[in-house]
Amino acid sequence: MSFRVAIMTDETGWHTGRLKKAFRVRDVEARCVDLADCRIDTTWRPHGLAIPGFGHALPDAVFVRGIAGGTFEQVTLRLGILHALRECGVPVYNDARAIERSVDKSMTSFLLNRYGVPTPATWAAESTAHAQRVLMRETAAGRQVVMKPLFGSQGKGLKKPGVRLPSLKAFSQVAYLQRYVDTGTPGFDWRVLVIGGKAIAAMKRVGGEDWIHNFARGARCEPAELTPALTEAAVRATAALGLDYAGVDLIPAEGGRPVVLEVNGVAAWRGLQSVTPLDIAALLVDDFLDRKLAVSKGTLALASGDERV
């Protein structure tokens with residue numbers, strides 16, 4: 001029986017096409033599956049998990065490319081499916097625990113700080129009064145803060161409040177504040193892709209919508225040198241969150257030292273691919289198969305026995 005991989009994604013397109021091609025080169029059958037279509041079913045023998053396209057069997061391994069947004073309950077169930085797959089001995093890249101850490105910006109900030117990774121000062125709380133005091137204190141010191149949704153990506157929902165804190169209603173009643181780092185005009189940040197504990201490539205994202213430097217918000221992608229400082233910060237950030245692969249967003253602070261803003265556990269790489277000759281999908285697949293699955297070979301041997309046919 002051929003080795004079968006499920007690419008978990010809520011949409012098919014450029015990224016999944018690249019991944020499927022890279023898996024074909026390695027003689028691996030890869031099938032796209034939406035986590036929203038998976039289910040826990042304790043009558044579905046032998047595992048109690050139903051994964052579309054795999055019948056009563058399970059995939060030999062899972063590559064997580066995308067998880068659709070939804071209600072708290074929907075997202076919890078989708079992550080629960082990934083947890084359940086791991087419990088069944090199926091290697092998951094990145095696994096649910098690591099994705100949970102990276103999706104929750106407050107936990108990302110906590111872990112970066114705990115493990116000594118340079119990152120801007122950050123505050124997260126449900127108290128409007130506390131958040132207002134933070135804002136007033138930072139303003140009095142001549143600094144600005146950025147207010148972000150706790151869960152979000154592609155620069156959506158970011159605000160730079162004035163002296164008054166906006167209503168927390170638009171932020172699901174949670175205030176996540178991060179000290180703003182000004183990079184001048186036009187502003188920029190770096191995206192570094194880390195795969196298997198190694199920084200692979202970097203780009204500079206310049207401009208965009210005002211001070212938000214996301215490719216999806218109109219920023220211009222330029223190749224960037226992988227300096228030792230960028231490499232060290234990105235690799236340490238990825239390790240702090242326990243990710244197999246990650247897109248690490250960094251910005252130059254005082255003296256040009258890079259500090260980590262965010263770590264993306266389900267990172268897109270189309271912008272980065274446009275400025276590097278490396279085949280990023282192939283590098284991801286090679287690391288997935290050669291490092292991740294080699295480590296889990298004993299587990300795979302047990303999990304891919306008779307009960308999966």
# chains A, B, ... in the order shown; residues from 1 in each chain; ligands from 1
$ residues_around --residues "range 111-126 of chain A" --least-positions-apart "6" --cutoff "7 Å" --atoms "only C-alpha atoms" --output "VMD selection string"
chain A and resid 173 to 179 233 236 to 237 240 to 241 259 to 261
$ select_by_dssp --residues "range 247-297 of chain A" --states "alpha helix (DSSP H)" --output "list in words"
Arg270, Gly271, Leu272, Gln273, Ile280, Ala281, Ala282, Leu283, Leu284, Val285, Asp286, Asp287, Leu293, Ala294, Val295 and Lys297 of chain A
$ closest_residue --among "A:Val146, A:Arg65, A:Gly80, A:Thr227" --to "Lys20 in chain A" --atoms "only C-alpha atoms"
A:Arg65
$ closest_residue --among "A:Gly48, A:Pro277, A:Gly271, A:Gly162" --to "Trp14 in chain A" --atoms "only C-alpha atoms"
A:Gly271
$ closest_residue --among "A:Leu168, A:Ile200, A:Ala6, A:Ile40" --to "Val28 in chain A" --atoms "only C-alpha atoms"
A:Ala6
$ atom_distance --atom1 "CA of Ala22 in chain A" --atom2 "CA of Ala282 in chain A"
5.1 Å
$ residues_around --residues "Val206 in chain A" --least-positions-apart "4" --cutoff "7 Å" --atoms "only C-alpha atoms" --output "PDB file with C-alpha atoms, in the first residue's frame"
ATOM      1  CA  PRO A 186       8.244  53.503   4.014  1.00  0.00           C
ATOM      2  CA  GLY A 187       8.008  51.048   6.881  1.00  0.00           C
ATOM      3  CA  PHE A 188       9.088  47.444   6.584  1.00  0.00           C
ATOM      4  CA  ASP A 189       9.454  44.167   8.407  1.00  0.00           C
ATOM      5  CA  HIS A 213       3.423  45.433   6.184  1.00  0.00           C
ATOM      6  CA  ALA A 219       3.325  45.342   0.822  1.00  0.00           C
ATOM      7  CA  ARG A 220       6.131  44.905  -1.700  1.00  0.00           C
ATOM      8  CA  CYS A 221       8.264  41.788  -1.264  1.00  0.00           C
TER       9      CYS A 221
END
$ atom_distance --atom1 "CA of Leu226 in chain A" --atom2 "CA of Gly265 in chain A"
20.0 Å
$ residues_around --residues "Val285 in chain A" --least-positions-apart "5" --cutoff "12 Å" --atoms "only C-alpha atoms" --output "ChimeraX atom specification"
/A:5,7,16,18-28,30,61-65,93,195-196,244-245,279-280,290-293
$ select_by_dssp --residues "range 141-228 of chain A" --states "strand (DSSP E or B)" --output "NGL selection string"
:A and (145-147 or 159 or 175-179 or 188-195 or 198-206 or 209 or 212 or 220-223)
$ write_last_selection --atoms "N, CA and C atoms" --output "short mmCIF file (atom, residue, chain, number, x, y, z; two decimals), in the first residue's frame"
data_model
loop_
_atom_site.label_atom_id
_atom_site.label_comp_id
_atom_site.auth_asym_id
_atom_site.auth_seq_id
_atom_site.Cartn_x
_atom_site.Cartn_y
_atom_site.Cartn_z
N VAL A 145 1.18 52.29 21.02
CA VAL A 145 0.92 50.85 21.08
C VAL A 145 0.07 50.45 19.90
N VAL A 146 0.13 49.16 19.57
CA VAL A 146 -0.72 48.57 18.54
C VAL A 146 -1.70 47.65 19.24
N MET A 147 -2.95 47.75 18.87
CA MET A 147 -4.00 46.88 19.41
C MET A 147 -4.36 45.86 18.34
N LYS A 159 -5.06 48.21 15.07
CA LYS A 159 -5.31 49.63 15.30
C LYS A 159 -4.19 50.22 16.14
N ALA A 175 -8.14 42.73 25.40
CA ALA A 175 -7.20 43.77 24.96
C ALA A 175 -5.81 43.15 24.83
N TYR A 176 -5.32 43.10 23.60
CA TYR A 176 -3.94 42.66 23.34
C TYR A 176 -3.20 43.87 22.80
N LEU A 177 -2.27 44.39 23.57
CA LEU A 177 -1.53 45.59 23.22
C LEU A 177 -0.05 45.27 23.09
N GLN A 178 0.57 45.81 22.06
CA GLN A 178 2.00 45.60 21.84
C GLN A 178 2.65 46.94 21.52
N ARG A 179 3.80 47.17 22.14
CA ARG A 179 4.50 48.43 21.92
C ARG A 179 4.87 48.57 20.44
N PHE A 188 8.84 48.80 7.07
CA PHE A 188 9.09 47.44 6.58
C PHE A 188 9.21 46.49 7.76
N ASP A 189 9.09 45.21 7.46
CA ASP A 189 9.45 44.17 8.41
C ASP A 189 10.08 43.02 7.63
N TRP A 190 10.50 42.00 8.34
CA TRP A 190 11.07 40.82 7.70
C TRP A 190 10.17 39.62 7.94
N ARG A 191 10.11 38.74 6.98
CA ARG A 191 9.52 37.41 7.16
C ARG A 191 10.63 36.39 6.92
N VAL A 192 10.86 35.56 7.91
CA VAL A 192 11.85 34.50 7.81
C VAL A 192 11.12 33.17 7.90
N LEU A 193 11.40 32.28 6.96
CA LEU A 193 10.81 30.94 6.97
C LEU A 193 11.78 29.97 7.62
N VAL A 194 11.30 29.29 8.65
CA VAL A 194 12.10 28.29 9.37
C VAL A 194 11.48 26.93 9.11
N ILE A 195 12.31 25.99 8.68
CA ILE A 195 11.85 24.63 8.41
C ILE A 195 12.79 23.65 9.12
N LYS A 198 15.81 25.16 10.91
CA LYS A 198 16.78 25.91 10.12
C LYS A 198 16.09 27.07 9.39
N ALA A 199 16.67 28.24 9.46
CA ALA A 199 16.16 29.38 8.69
C ALA A 199 16.52 29.16 7.22
N ILE A 200 15.52 29.14 6.37
CA ILE A 200 15.69 28.77 4.96
C ILE A 200 15.82 29.99 4.06
N ALA A 201 14.96 30.97 4.26
CA ALA A 201 14.95 32.14 3.38
C ALA A 201 14.30 33.30 4.11
N ALA A 202 14.58 34.51 3.61
CA ALA A 202 14.03 35.72 4.23
C ALA A 202 13.61 36.69 3.15
N MET A 203 12.65 37.53 3.49
CA MET A 203 12.27 38.62 2.60
C MET A 203 11.97 39.85 3.45
N LYS A 204 12.03 41.00 2.79
CA LYS A 204 11.64 42.25 3.42
C LYS A 204 10.31 42.66 2.82
N ARG A 205 9.34 42.99 3.68
CA ARG A 205 8.03 43.46 3.21
C ARG A 205 7.99 44.97 3.44
N VAL A 206 7.92 45.70 2.33
CA VAL A 206 8.04 47.16 2.38
C VAL A 206 6.71 47.81 2.05
N GLU A 209 -0.44 48.98 3.44
CA GLU A 209 -1.45 49.93 3.88
C GLU A 209 -0.95 50.65 5.14
N ILE A 212 1.05 48.87 8.14
CA ILE A 212 0.86 47.41 8.18
C ILE A 212 1.57 46.80 6.98
N ARG A 220 5.25 45.36 -0.63
CA ARG A 220 6.13 44.91 -1.70
C ARG A 220 7.17 43.95 -1.12
N CYS A 221 7.32 42.79 -1.75
CA CYS A 221 8.26 41.79 -1.26
C CYS A 221 9.62 41.97 -1.94
N GLU A 222 10.66 42.00 -1.13
CA GLU A 222 12.02 42.11 -1.63
C GLU A 222 12.88 41.03 -0.98
N PRO A 223 13.86 40.49 -1.72
CA PRO A 223 14.75 39.51 -1.08
C PRO A 223 15.54 40.17 0.05
#
$ atom_distance --atom1 "CA of Gln74 in chain A" --atom2 "CA of Glu100 in chain A"
13.9 Å
